[in-house]
Amino acid sequence: MDTSPHKSGFVDVSGIRLHYLDWGGSGPVLLLLAGMFSNAHIFDGFAPRFTDKFHTLALTRRGHGESDHPETGYDIDTLTEDIRLFLDCLHIDRAILVQHSNEGIELSHFAALYPERVLKLVFLEPAYDRNSPEYKAIGEKWPVIQYPDEDGIYDNLSDFMYHYKKDYPANAACWCEAMDANLRHQMKISPEGKVVYKATEGISKACAETMFGYTPEYAKIRTPVLSIFPIRDNTYYVTPFMTKEQQAQMMEFFDSVLLPWTRHCIEQFRRDVPHAKIVELAHSHTYCFITQEELVYNEMRRFLLDL
C-alpha cells in the first residue's frame, strides 16, 4: 500500500512519459534519482523529511517503474538528457541532485554537461567506476549462489516477493514499506497471468551495458559534493537458505575482495574530487538511507543547508 504523502505525475520528454513523485515543500529543488532497476518509490520514507526546507521530487528513469519502457534510449547521453528535459518541463532552472547507486552515471555526466543547472550533488552510495578493469574483476569473483527449487515463474506477487527476498538477502534485511512499493512498481502481470518484470531483457541488457561502459567524469565536477560511502557489512549478504560453506564464501569475498576495492574507490574519488565532503559509514548497506536513515539524513541536511 502506498502511504507516502506525495503527488504522482508524468512529463513528456522525447516522445516518452517519465514518472515522478512530488512531496511538495518550498525552497531549492531537491531531485532524488533512483538507481538502476529501481524507481522513485524507493524514497517514499526518506524524501518527506526534507520538505520543510526543500521542494522535494523524485524521478523514475525510462524503462523503470511507471515511466515508459521504450526499447531504446538507454545510452548515457539520452538518460542524461531525460533529466534536463524533465527539469525544463517543470520550469526548474537549478536543482540539488541526489543519486542512489547506479544513477551516479547520470549525475556525473549531467554535472559535466550542465554545471549551471546544478546547485549541489549528493552521491548516496559508492561512486564506483564500473567501467574500470578492477570493477570487472570484482564482478567475476562475486559468489554465485543458486537454489535448486526455483524456476523463476510465479503466479502471484506474494510468491514472487518470498523468492526475491531469498535471492537478495541484503534487500530482505532492510525491507520496509518503501522497498515493498518500489518492487511492486517494477512488476506487472503477464498475459499468461504470471508475475514478471516490466523491463524486458533487452532493456535490462541496454541499461547494464551503459552502466558498465561509462567512465564517470568525476574530475569535471565543480559544484559542491557530498559522497556517502557505505562500507557494506558482509552479514547482510548471507541467508539461512545458504549452506555453511556458501555463507563462508560470501563473507570471505566481502572481507578480502570487496572491502579493499571499496577503499580504493574512496581514495580515487578523493583524488578526482578534492573539494568533496566524503562520509564513510561502517557496517552499512547499499540502501544506507534506509538502514542508517537518521545518520544519512543528518549528514545531508548539514551539507544542503549550507547554501
# chains A, B, ... in the order shown; residues from 1 in each chain; ligands from 1
$ closest_atom_pairs --of "segment 157-227 of chain A" --to "segment 285-289 of chain A" --cutoff "9 Å" --atoms "only C-alpha atoms" --output "JSON lines"
{"residue": "A:Ala170", "atom": "CA", "partner": "A:His285", "partner_atom": "CA", "distance": 7.7}
{"residue": "A:Asn171", "atom": "CA", "partner": "A:Tyr287", "partner_atom": "CA", "distance": 8.1}
{"residue": "A:Cys174", "atom": "CA", "partner": "A:Tyr287", "partner_atom": "CA", "distance": 7.9}
$ select_by_dssp --residues "segment 16-109 of chain A" --states "alpha helix (DSSP H)" --output "PyMOL selection string"
chain A and resi 76-89+104-109
$ closest_residue --among "A:Pro274, A:Pro28, A:Gly73, A:Gly193" --to "Val225 of chain A" --atoms "only C-alpha atoms"
A:Pro274
$ closest_atom_pairs --of "segment 130-237 of chain A" --to "segment 249-254 of chain A" --cutoff "8 Å" --atoms "only C-alpha atoms" --output "CSV"
residue,atom,partner,partner_atom,distance
A:Lys141,CA,A:Phe253,CA,7.7
A:Trp142,CA,A:Phe253,CA,7.0
A:Pro143,CA,A:Met250,CA,6.2
A:Asp233,CA,A:Phe254,CA,7.9
A:Asn234,CA,A:Met251,CA,5.3
A:Thr235,CA,A:Met251,CA,7.1
A:Tyr237,CA,A:Met250,CA,7.1
$ atom_distance --atom1 "atom CA of Lys136 of chain A" --atom2 "atom CA of Phe212 of chain A"
8.3 Å
$ residues_around --residues "Ile231 of chain A" --least-positions-apart "2" --cutoff "7 Å" --atoms "only C-alpha atoms" --output "list of chain:residue names"
A:Phe229, A:Asp233, A:Glu280, A:Leu281, A:Ala282, A:His283, A:Ser284
$ select_by_dssp --residues "segment 236-283 of chain A" --states "strand (DSSP E)" --output "PDB file with C-alpha atoms, in the first residue's frame"
ATOM      1  CA  LYS A 277      32.937  16.038   1.539  1.00  0.00           C
ATOM      2  CA  ILE A 278      33.294  12.290   1.988  1.00  0.00           C
ATOM      3  CA  VAL A 279      31.466  10.354   4.709  1.00  0.00           C
ATOM      4  CA  GLU A 280      32.207   6.689   5.391  1.00  0.00           C
ATOM      5  CA  LEU A 281      29.526   4.582   7.069  1.00  0.00           C
ATOM      6  CA  ALA A 282      30.846   1.493   8.842  1.00  0.00           C
ATOM      7  CA  HIS A 283      28.789  -1.739   8.923  1.00  0.00           C
TER       8      HIS A 283
END
